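What follows is the content of coords.txt, which has compact mmCIF, N, CA and C atoms:
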```
# COMPACT_ATOMS: atom_id res chain seq x y z
N MET A 432 -15.35 -11.71 -4.97
CA MET A 432 -14.39 -12.31 -5.88
C MET A 432 -14.87 -13.71 -6.25
N HIS A 433 -14.58 -14.09 -7.46
CA HIS A 433 -14.96 -15.41 -7.95
C HIS A 433 -13.79 -16.37 -7.78
N PRO A 434 -14.05 -17.67 -7.73
CA PRO A 434 -12.95 -18.63 -7.63
C PRO A 434 -11.99 -18.49 -8.82
N ASN A 435 -10.73 -18.74 -8.56
CA ASN A 435 -9.71 -18.65 -9.59
C ASN A 435 -9.73 -19.92 -10.42
N LEU A 436 -10.14 -19.83 -11.68
CA LEU A 436 -10.25 -20.99 -12.55
C LEU A 436 -8.97 -21.25 -13.34
N LEU A 437 -7.98 -20.37 -13.20
CA LEU A 437 -6.74 -20.51 -13.95
C LEU A 437 -5.66 -21.25 -13.16
N GLY A 438 -5.93 -21.63 -11.94
CA GLY A 438 -4.98 -22.41 -11.17
C GLY A 438 -3.99 -21.59 -10.37
N GLY A 439 -4.02 -20.28 -10.45
CA GLY A 439 -3.12 -19.44 -9.66
C GLY A 439 -3.65 -19.27 -8.25
N PRO A 440 -2.90 -18.56 -7.43
CA PRO A 440 -3.36 -18.34 -6.06
C PRO A 440 -4.62 -17.49 -6.02
N ASP A 441 -5.43 -17.75 -5.02
CA ASP A 441 -6.62 -16.93 -4.80
C ASP A 441 -6.20 -15.51 -4.42
N PRO A 442 -7.05 -14.53 -4.68
CA PRO A 442 -6.75 -13.17 -4.25
C PRO A 442 -6.61 -13.09 -2.73
N THR A 443 -5.71 -12.26 -2.28
CA THR A 443 -5.56 -12.02 -0.85
C THR A 443 -6.42 -10.81 -0.49
N LEU A 444 -7.27 -11.01 0.50
CA LEU A 444 -8.19 -9.97 0.96
C LEU A 444 -7.88 -9.67 2.42
N LEU A 445 -7.30 -8.51 2.67
CA LEU A 445 -6.99 -8.13 4.04
C LEU A 445 -8.27 -7.82 4.81
N PRO A 446 -8.27 -8.08 6.12
CA PRO A 446 -9.45 -7.75 6.91
C PRO A 446 -9.58 -6.24 7.11
N ASP A 447 -10.79 -5.80 7.29
CA ASP A 447 -11.03 -4.39 7.59
C ASP A 447 -10.48 -4.08 8.97
N GLU A 448 -9.97 -2.87 9.13
CA GLU A 448 -9.52 -2.38 10.43
C GLU A 448 -10.32 -1.12 10.73
N PRO A 449 -11.49 -1.29 11.36
CA PRO A 449 -12.41 -0.16 11.51
C PRO A 449 -11.88 1.02 12.32
N ALA A 450 -11.12 0.77 13.38
CA ALA A 450 -10.68 1.88 14.23
C ALA A 450 -9.75 2.85 13.48
N PRO A 451 -8.66 2.38 12.88
CA PRO A 451 -7.82 3.35 12.17
C PRO A 451 -8.48 3.91 10.91
N ARG A 452 -9.24 3.07 10.22
CA ARG A 452 -9.94 3.56 9.02
C ARG A 452 -10.89 4.69 9.40
N SER A 453 -11.67 4.49 10.46
CA SER A 453 -12.62 5.51 10.90
C SER A 453 -11.91 6.78 11.35
N ALA A 454 -10.78 6.62 12.02
CA ALA A 454 -10.02 7.79 12.47
C ALA A 454 -9.57 8.64 11.28
N LEU A 455 -9.05 8.00 10.25
CA LEU A 455 -8.63 8.75 9.06
C LEU A 455 -9.83 9.38 8.37
N GLU A 456 -10.92 8.63 8.26
CA GLU A 456 -12.12 9.17 7.62
C GLU A 456 -12.68 10.35 8.39
N ALA A 457 -12.49 10.37 9.71
CA ALA A 457 -12.97 11.48 10.54
C ALA A 457 -12.04 12.69 10.47
N GLY A 458 -10.91 12.54 9.78
CA GLY A 458 -10.00 13.67 9.63
C GLY A 458 -8.87 13.71 10.63
N ASP A 459 -8.68 12.65 11.40
CA ASP A 459 -7.55 12.62 12.34
C ASP A 459 -6.24 12.71 11.56
N ASP A 460 -5.24 13.33 12.18
CA ASP A 460 -3.92 13.46 11.58
C ASP A 460 -3.34 12.07 11.34
N PRO A 461 -2.91 11.78 10.11
CA PRO A 461 -2.34 10.46 9.83
C PRO A 461 -1.16 10.10 10.73
N ALA A 462 -0.38 11.10 11.17
CA ALA A 462 0.73 10.82 12.08
C ALA A 462 0.22 10.28 13.42
N GLU A 463 -0.88 10.84 13.89
CA GLU A 463 -1.47 10.34 15.15
C GLU A 463 -2.06 8.95 14.95
N VAL A 464 -2.68 8.72 13.80
CA VAL A 464 -3.25 7.40 13.51
C VAL A 464 -2.13 6.36 13.39
N ALA A 465 -1.05 6.72 12.70
CA ALA A 465 0.09 5.79 12.57
C ALA A 465 0.70 5.48 13.94
N ALA A 466 0.75 6.47 14.82
CA ALA A 466 1.30 6.24 16.16
C ALA A 466 0.41 5.32 16.98
N ARG A 467 -0.90 5.46 16.82
CA ARG A 467 -1.83 4.61 17.57
C ARG A 467 -1.99 3.23 16.95
N PHE A 468 -1.86 3.16 15.61
CA PHE A 468 -2.07 1.92 14.87
C PHE A 468 -0.91 1.72 13.88
N PRO A 469 0.29 1.43 14.38
CA PRO A 469 1.46 1.40 13.50
C PRO A 469 1.43 0.32 12.42
N SER A 470 0.58 -0.66 12.55
CA SER A 470 0.51 -1.70 11.51
C SER A 470 -0.45 -1.33 10.38
N TYR A 471 -1.13 -0.19 10.48
CA TYR A 471 -2.13 0.20 9.49
C TYR A 471 -1.49 0.94 8.33
N SER A 472 -1.37 0.27 7.20
CA SER A 472 -0.69 0.84 6.03
C SER A 472 -1.36 2.10 5.50
N GLY A 473 -2.65 2.21 5.67
CA GLY A 473 -3.35 3.39 5.15
C GLY A 473 -2.84 4.69 5.74
N ALA A 474 -2.51 4.69 7.02
CA ALA A 474 -1.98 5.90 7.66
C ALA A 474 -0.61 6.24 7.09
N TRP A 475 0.23 5.23 6.87
CA TRP A 475 1.56 5.45 6.31
C TRP A 475 1.46 5.95 4.87
N ALA A 476 0.50 5.43 4.12
CA ALA A 476 0.29 5.90 2.75
C ALA A 476 -0.13 7.37 2.74
N ASP A 477 -1.01 7.75 3.68
CA ASP A 477 -1.41 9.16 3.77
C ASP A 477 -0.21 10.04 4.10
N LEU A 478 0.62 9.58 5.03
CA LEU A 478 1.82 10.35 5.39
C LEU A 478 2.77 10.47 4.20
N ALA A 479 2.94 9.38 3.44
CA ALA A 479 3.80 9.41 2.27
C ALA A 479 3.27 10.40 1.23
N ASP A 480 1.97 10.39 1.00
CA ASP A 480 1.37 11.30 0.02
C ASP A 480 1.53 12.75 0.47
N ARG A 481 1.29 13.00 1.75
CA ARG A 481 1.40 14.36 2.27
C ARG A 481 2.84 14.87 2.16
N ALA A 482 3.81 14.03 2.52
CA ALA A 482 5.21 14.43 2.45
C ALA A 482 5.62 14.68 0.99
N PHE A 483 5.19 13.82 0.09
CA PHE A 483 5.55 13.99 -1.32
C PHE A 483 4.97 15.30 -1.86
N ALA A 484 3.73 15.58 -1.53
CA ALA A 484 3.08 16.81 -2.00
C ALA A 484 3.79 18.05 -1.45
N ALA A 485 4.42 17.92 -0.28
CA ALA A 485 5.13 19.04 0.33
C ALA A 485 6.57 19.14 -0.16
N GLY A 486 6.97 18.25 -1.05
CA GLY A 486 8.34 18.27 -1.56
C GLY A 486 9.34 17.55 -0.68
N SER A 487 8.86 16.83 0.30
CA SER A 487 9.74 16.08 1.23
C SER A 487 9.86 14.65 0.73
N THR A 488 10.63 14.47 -0.32
CA THR A 488 10.71 13.20 -1.02
C THR A 488 11.31 12.09 -0.17
N VAL A 489 12.38 12.40 0.55
CA VAL A 489 13.02 11.37 1.38
C VAL A 489 12.08 10.92 2.50
N GLU A 490 11.37 11.86 3.09
CA GLU A 490 10.39 11.50 4.12
C GLU A 490 9.26 10.67 3.53
N SER A 491 8.83 11.04 2.33
CA SER A 491 7.79 10.27 1.65
C SER A 491 8.26 8.84 1.42
N TYR A 492 9.49 8.70 0.98
CA TYR A 492 10.07 7.37 0.75
C TYR A 492 10.05 6.55 2.05
N ALA A 493 10.45 7.18 3.14
CA ALA A 493 10.51 6.47 4.43
C ALA A 493 9.11 6.06 4.89
N TYR A 494 8.16 6.97 4.82
CA TYR A 494 6.78 6.62 5.21
C TYR A 494 6.24 5.50 4.33
N ALA A 495 6.47 5.61 3.03
CA ALA A 495 5.96 4.60 2.10
C ALA A 495 6.59 3.24 2.38
N ARG A 496 7.88 3.23 2.69
CA ARG A 496 8.55 1.95 2.97
C ARG A 496 7.97 1.29 4.21
N VAL A 497 7.66 2.08 5.24
CA VAL A 497 7.04 1.51 6.44
C VAL A 497 5.67 0.93 6.08
N GLY A 498 4.85 1.70 5.36
CA GLY A 498 3.53 1.21 4.97
C GLY A 498 3.60 -0.03 4.12
N TYR A 499 4.56 -0.07 3.23
CA TYR A 499 4.77 -1.24 2.37
C TYR A 499 5.12 -2.47 3.20
N HIS A 500 6.08 -2.32 4.09
CA HIS A 500 6.49 -3.48 4.90
C HIS A 500 5.41 -3.93 5.87
N ARG A 501 4.68 -2.98 6.47
CA ARG A 501 3.58 -3.36 7.35
C ARG A 501 2.49 -4.06 6.54
N GLY A 502 2.29 -3.61 5.30
CA GLY A 502 1.33 -4.28 4.42
C GLY A 502 1.76 -5.68 4.04
N LEU A 503 3.05 -5.86 3.74
CA LEU A 503 3.55 -7.21 3.44
C LEU A 503 3.31 -8.14 4.63
N ASP A 504 3.57 -7.63 5.83
CA ASP A 504 3.33 -8.43 7.04
C ASP A 504 1.87 -8.86 7.11
N ALA A 505 0.96 -7.92 6.86
CA ALA A 505 -0.47 -8.23 6.91
C ALA A 505 -0.86 -9.23 5.83
N LEU A 506 -0.32 -9.04 4.62
CA LEU A 506 -0.63 -9.98 3.54
C LEU A 506 -0.19 -11.39 3.91
N ARG A 507 1.02 -11.52 4.42
CA ARG A 507 1.52 -12.85 4.80
C ARG A 507 0.67 -13.47 5.90
N ARG A 508 0.26 -12.66 6.88
CA ARG A 508 -0.60 -13.18 7.95
C ARG A 508 -1.94 -13.68 7.40
N ASN A 509 -2.31 -13.18 6.23
CA ASN A 509 -3.60 -13.54 5.64
C ASN A 509 -3.48 -14.47 4.44
N GLY A 510 -2.37 -15.22 4.40
CA GLY A 510 -2.24 -16.30 3.44
C GLY A 510 -1.48 -16.03 2.16
N TRP A 511 -1.03 -14.80 1.96
CA TRP A 511 -0.28 -14.47 0.74
C TRP A 511 1.08 -15.13 0.79
N LYS A 512 1.49 -15.75 -0.30
CA LYS A 512 2.75 -16.50 -0.36
C LYS A 512 3.80 -15.81 -1.20
N GLY A 513 3.70 -14.52 -1.39
CA GLY A 513 4.70 -13.79 -2.15
C GLY A 513 4.32 -13.51 -3.58
N HIS A 514 3.15 -13.97 -3.98
CA HIS A 514 2.66 -13.69 -5.33
C HIS A 514 1.15 -13.91 -5.34
N GLY A 515 0.55 -13.40 -6.38
CA GLY A 515 -0.90 -13.54 -6.52
C GLY A 515 -1.62 -12.22 -6.36
N PRO A 516 -2.87 -12.20 -6.73
CA PRO A 516 -3.64 -10.96 -6.75
C PRO A 516 -3.87 -10.35 -5.37
N VAL A 517 -3.77 -9.03 -5.34
CA VAL A 517 -4.13 -8.23 -4.17
C VAL A 517 -5.08 -7.16 -4.72
N PRO A 518 -6.37 -7.46 -4.76
CA PRO A 518 -7.32 -6.61 -5.49
C PRO A 518 -7.51 -5.21 -4.91
N TRP A 519 -7.43 -4.24 -5.80
CA TRP A 519 -7.72 -2.84 -5.46
C TRP A 519 -9.19 -2.69 -5.07
N SER A 520 -10.06 -3.47 -5.66
CA SER A 520 -11.50 -3.36 -5.39
C SER A 520 -11.85 -3.69 -3.95
N HIS A 521 -10.97 -4.39 -3.25
CA HIS A 521 -11.18 -4.71 -1.83
C HIS A 521 -10.54 -3.59 -1.01
N ALA A 522 -11.35 -2.69 -0.49
CA ALA A 522 -10.86 -1.47 0.16
C ALA A 522 -9.76 -1.70 1.22
N PRO A 523 -9.83 -2.72 2.06
CA PRO A 523 -8.76 -2.91 3.04
C PRO A 523 -7.38 -3.17 2.43
N ASN A 524 -7.31 -3.56 1.15
CA ASN A 524 -6.01 -3.75 0.48
C ASN A 524 -5.38 -2.44 0.04
N ARG A 525 -6.14 -1.38 0.03
CA ARG A 525 -5.68 -0.14 -0.59
C ARG A 525 -4.53 0.54 0.16
N GLY A 526 -4.45 0.40 1.46
CA GLY A 526 -3.34 1.00 2.20
C GLY A 526 -2.01 0.43 1.74
N PHE A 527 -1.97 -0.90 1.60
CA PHE A 527 -0.75 -1.54 1.10
C PHE A 527 -0.46 -1.09 -0.33
N LEU A 528 -1.46 -1.14 -1.19
CA LEU A 528 -1.26 -0.80 -2.60
C LEU A 528 -0.85 0.67 -2.77
N ARG A 529 -1.45 1.55 -1.98
CA ARG A 529 -1.07 2.96 -2.03
C ARG A 529 0.36 3.16 -1.52
N SER A 530 0.76 2.42 -0.49
CA SER A 530 2.13 2.51 0.02
C SER A 530 3.12 2.02 -1.04
N LEU A 531 2.78 0.93 -1.71
CA LEU A 531 3.63 0.40 -2.77
C LEU A 531 3.79 1.43 -3.89
N HIS A 532 2.69 2.04 -4.29
CA HIS A 532 2.75 3.09 -5.31
C HIS A 532 3.61 4.27 -4.84
N ALA A 533 3.40 4.70 -3.60
CA ALA A 533 4.14 5.85 -3.06
C ALA A 533 5.63 5.53 -2.97
N LEU A 534 5.96 4.31 -2.63
CA LEU A 534 7.37 3.91 -2.57
C LEU A 534 8.00 4.00 -3.96
N GLY A 535 7.31 3.51 -4.96
CA GLY A 535 7.83 3.60 -6.32
C GLY A 535 7.97 5.03 -6.80
N ARG A 536 6.99 5.85 -6.48
CA ARG A 536 7.02 7.26 -6.88
C ARG A 536 8.21 7.98 -6.24
N ALA A 537 8.40 7.77 -4.94
CA ALA A 537 9.52 8.42 -4.24
C ALA A 537 10.86 7.87 -4.72
N ALA A 538 10.92 6.56 -4.96
CA ALA A 538 12.15 5.96 -5.47
C ALA A 538 12.53 6.58 -6.81
N ALA A 539 11.55 6.76 -7.68
CA ALA A 539 11.82 7.39 -8.97
C ALA A 539 12.32 8.82 -8.77
N ALA A 540 11.74 9.53 -7.82
CA ALA A 540 12.11 10.93 -7.59
C ALA A 540 13.53 11.08 -7.07
N ILE A 541 14.04 10.08 -6.38
CA ILE A 541 15.42 10.17 -5.87
C ILE A 541 16.41 9.42 -6.76
N GLY A 542 15.94 8.94 -7.91
CA GLY A 542 16.82 8.29 -8.87
C GLY A 542 17.10 6.83 -8.62
N GLU A 543 16.31 6.20 -7.78
CA GLU A 543 16.47 4.78 -7.51
C GLU A 543 15.59 4.01 -8.50
N THR A 544 16.05 3.95 -9.74
CA THR A 544 15.23 3.45 -10.83
C THR A 544 14.90 1.97 -10.72
N ASP A 545 15.83 1.16 -10.23
CA ASP A 545 15.53 -0.27 -10.09
C ASP A 545 14.37 -0.49 -9.11
N GLU A 546 14.40 0.22 -7.99
CA GLU A 546 13.32 0.10 -7.00
C GLU A 546 12.02 0.63 -7.57
N ALA A 547 12.07 1.75 -8.28
CA ALA A 547 10.86 2.31 -8.87
C ALA A 547 10.23 1.33 -9.86
N THR A 548 11.06 0.71 -10.69
CA THR A 548 10.56 -0.26 -11.66
C THR A 548 9.97 -1.48 -10.95
N ARG A 549 10.67 -1.97 -9.94
CA ARG A 549 10.17 -3.13 -9.19
C ARG A 549 8.81 -2.82 -8.57
N CYS A 550 8.66 -1.63 -8.00
CA CYS A 550 7.39 -1.25 -7.39
C CYS A 550 6.28 -1.16 -8.43
N GLN A 551 6.57 -0.56 -9.60
CA GLN A 551 5.57 -0.46 -10.66
C GLN A 551 5.13 -1.85 -11.11
N GLU A 552 6.09 -2.76 -11.27
CA GLU A 552 5.76 -4.12 -11.71
C GLU A 552 4.96 -4.87 -10.64
N PHE A 553 5.36 -4.71 -9.39
CA PHE A 553 4.66 -5.36 -8.29
C PHE A 553 3.23 -4.85 -8.20
N LEU A 554 3.04 -3.54 -8.36
CA LEU A 554 1.70 -2.96 -8.31
C LEU A 554 0.84 -3.50 -9.45
N ALA A 555 1.37 -3.53 -10.65
CA ALA A 555 0.62 -4.05 -11.80
C ALA A 555 0.33 -5.53 -11.65
N ASP A 556 1.28 -6.29 -11.09
CA ASP A 556 1.06 -7.72 -10.86
C ASP A 556 0.02 -7.96 -9.77
N SER A 557 -0.02 -7.08 -8.77
CA SER A 557 -1.00 -7.21 -7.69
C SER A 557 -2.40 -6.99 -8.21
N ASP A 558 -2.57 -5.94 -8.99
CA ASP A 558 -3.86 -5.64 -9.62
C ASP A 558 -3.68 -4.49 -10.60
N PRO A 559 -3.84 -4.76 -11.90
CA PRO A 559 -3.71 -3.68 -12.88
C PRO A 559 -4.65 -2.51 -12.58
N ALA A 560 -5.79 -2.77 -11.95
CA ALA A 560 -6.71 -1.68 -11.60
C ALA A 560 -6.08 -0.73 -10.58
N ALA A 561 -5.23 -1.24 -9.71
CA ALA A 561 -4.54 -0.37 -8.75
C ALA A 561 -3.57 0.53 -9.47
N ALA A 562 -2.83 -0.03 -10.39
CA ALA A 562 -1.88 0.78 -11.17
C ALA A 562 -2.63 1.87 -11.94
N ASP A 563 -3.77 1.53 -12.52
CA ASP A 563 -4.57 2.51 -13.25
C ASP A 563 -5.12 3.58 -12.32
N ALA A 564 -5.66 3.18 -11.17
CA ALA A 564 -6.27 4.11 -10.24
C ALA A 564 -5.25 5.07 -9.64
N LEU A 565 -4.03 4.59 -9.42
CA LEU A 565 -3.03 5.42 -8.77
C LEU A 565 -2.15 6.19 -9.73
N GLY A 566 -2.30 5.88 -11.02
CA GLY A 566 -1.56 6.64 -12.03
C GLY A 566 -0.20 6.13 -12.20
```

Will you turn the file into C-alpha cells for me?
Amino acid sequence: MHPNLLGGPDPTLLPDEPAPRSALEAGDDPAEVAARFPSYSGAWADLADRAFAAGSTVESYAYARVGYHRGLDALRRNGWKGHGPVPWSHAPNRGFLRSLHALGRAAAAIGETDEATRCQEFLADSDPAAADALG
C-alpha cells in the first residue's frame, strides 16, 4: 500500500493468522476451526456461507454476525478508528470483509433492509474492490 496523500486514515492491515488460515486451506471443518480459533473471522465467514447455501438463513446471519464482530475487534486492535480503508487486496482482511458481506446478505434475506443497506455501504466504504469481488 502507498501512503495516503488525501489526508484520510491509512488502510488497516490485519496480521496474518497462519494456524487457522492453514487449517481452513487444508480442508478442516470451519466449525472445528472456529472452535479452536474463535477470533478468526475467516472461519465464521465460511460457516455463514455454508449455512446460507444450505438455506439456513438465520444460522448464516448468526455466524456472519460473530465473524463481523470478531473482525471489528481485530481491526480496532490494529489501529482502526471506526472508518478508513480495509483493503480486500490484503488477504488477512478478507475474513472480516466476507463476514460483513455475509451479514448483509442474510439480513436482506430475512427482510432486515436497514442492516442490509448498512452492511453494503460499510463494505463499499471499506474497499470497493471487496464489494465487487463478493458481488

Query raised in the report: DSSP says helix (DSSP H, G or I) for which residues of stretch 481-566 of chain A? Put them as a PyMOL selection string?
Result: chain A and resi 481-484+488-508+522-540+544-557+559-565

Requested in this report: Figure out the distance between atom C of A:Asp477 and atom CA of A:Pro461, please, to one decimal in Å.
Outcome: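 One can read the atom CA of A:Pro461 to atom C of A:Asp477 distance as 6.1 Å.
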
Report task. Considering only C-alpha atoms, state which residue in the set A:Val489, A:Leu455, A:Val464, A:Gly513 is at the smallest distance from A:Ala539. Result -> A:Val489

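Counting only N, CA and C atoms, the residue from A:Thr544, A:Asn509, A:Ser530, A:Ser487 that sits nearest to A:Leu445 is A:Asn509.
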
**Report entry** Local residues around (3.0, 3.5, 13.1), at most 9 Å away, using only C-alpha atoms, as JSON, numbers by chain
**Finding:** {"A": [462, 463, 464, 465, 466, 467, 468, 469, 470, 471, 472, 474, 475, 497, 498, 501]}

Report task. Identify which of the residues A:Gln551, A:Lys512, A:Arg496, A:Asp504 lies closest to A:Thr443, counting only N, CA and C atoms when measuring atom-to-atom distances. Result ->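 Smallest separation from A:Thr443 among the options: A:Lys512.
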
Report task. Take atom C of A:Arg525 and atom CA of A:Ala476 and report the distance between them in Å, one decimal. Result ->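 Value for the atom C of A:Arg525-atom CA of A:Ala476 distance: 7.7 Å.
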
Report task. Pick out the closest residue to A:Ala522 from this set: A:Asp459, A:Asp441, A:Glu448, A:Glu490. Count only C-alpha atoms. Result ->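 Looking at the shortest contact to A:Ala522, the residue is A:Glu448.
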
Please extract stretch 469-507 of chain A and write it out with C-alpha atoms, as an mmCIF file, in the first residue's frame.
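Heads up, here's the output in part.cif:
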```cif
data_model
loop_
_atom_site.group_PDB
_atom_site.id
_atom_site.type_symbol
_atom_site.label_atom_id
_atom_site.label_comp_id
_atom_site.auth_asym_id
_atom_site.auth_seq_id
_atom_site.Cartn_x
_atom_site.Cartn_y
_atom_site.Cartn_z
ATOM 1 C CA PRO A 469 -12.872 -18.205 17.809
ATOM 2 C CA SER A 470 -11.381 -14.815 16.961
ATOM 3 C CA TYR A 471 -10.653 -15.850 13.350
ATOM 4 C CA SER A 472 -13.274 -14.208 11.134
ATOM 5 C CA GLY A 473 -12.435 -16.387 8.149
ATOM 6 C CA ALA A 474 -13.859 -19.491 9.835
ATOM 7 C CA TRP A 475 -17.073 -17.652 10.726
ATOM 8 C CA ALA A 476 -17.374 -16.378 7.155
ATOM 9 C CA ASP A 477 -17.019 -19.951 5.859
ATOM 10 C CA LEU A 478 -19.714 -21.103 8.282
ATOM 11 C CA ALA A 479 -22.002 -18.249 7.203
ATOM 12 C CA ASP A 480 -21.519 -19.109 3.525
ATOM 13 C CA ARG A 481 -22.124 -22.809 4.127
ATOM 14 C CA ALA A 482 -25.298 -22.143 6.146
ATOM 15 C CA PHE A 483 -26.628 -19.702 3.551
ATOM 16 C CA ALA A 484 -26.001 -22.164 0.719
ATOM 17 C CA ALA A 485 -27.922 -24.800 2.712
ATOM 18 C CA GLY A 486 -30.905 -22.477 3.138
ATOM 19 C CA SER A 487 -30.214 -21.883 6.835
ATOM 20 C CA THR A 488 -30.517 -18.114 6.668
ATOM 21 C CA VAL A 489 -30.876 -17.419 10.390
ATOM 22 C CA GLU A 490 -27.828 -19.544 11.153
ATOM 23 C CA SER A 491 -25.918 -17.771 8.395
ATOM 24 C CA TYR A 492 -26.872 -14.434 9.941
ATOM 25 C CA ALA A 493 -25.641 -15.579 13.359
ATOM 26 C CA TYR A 494 -22.324 -16.910 12.049
ATOM 27 C CA ALA A 495 -21.777 -13.768 9.984
ATOM 28 C CA ARG A 496 -22.524 -11.516 12.958
ATOM 29 C CA VAL A 497 -19.917 -13.333 15.067
ATOM 30 C CA GLY A 498 -17.328 -13.050 12.280
ATOM 31 C CA TYR A 499 -18.164 -9.391 11.804
ATOM 32 C CA HIS A 500 -17.806 -8.543 15.489
ATOM 33 C CA ARG A 501 -14.604 -10.573 15.891
ATOM 34 C CA GLY A 502 -13.284 -8.737 12.836
ATOM 35 C CA LEU A 503 -14.196 -5.345 14.298
ATOM 36 C CA ASP A 504 -12.299 -6.315 17.450
ATOM 37 C CA ALA A 505 -9.240 -7.220 15.368
ATOM 38 C CA LEU A 506 -9.457 -4.022 13.330
ATOM 39 C CA ARG A 507 -9.607 -1.892 16.483
#
```
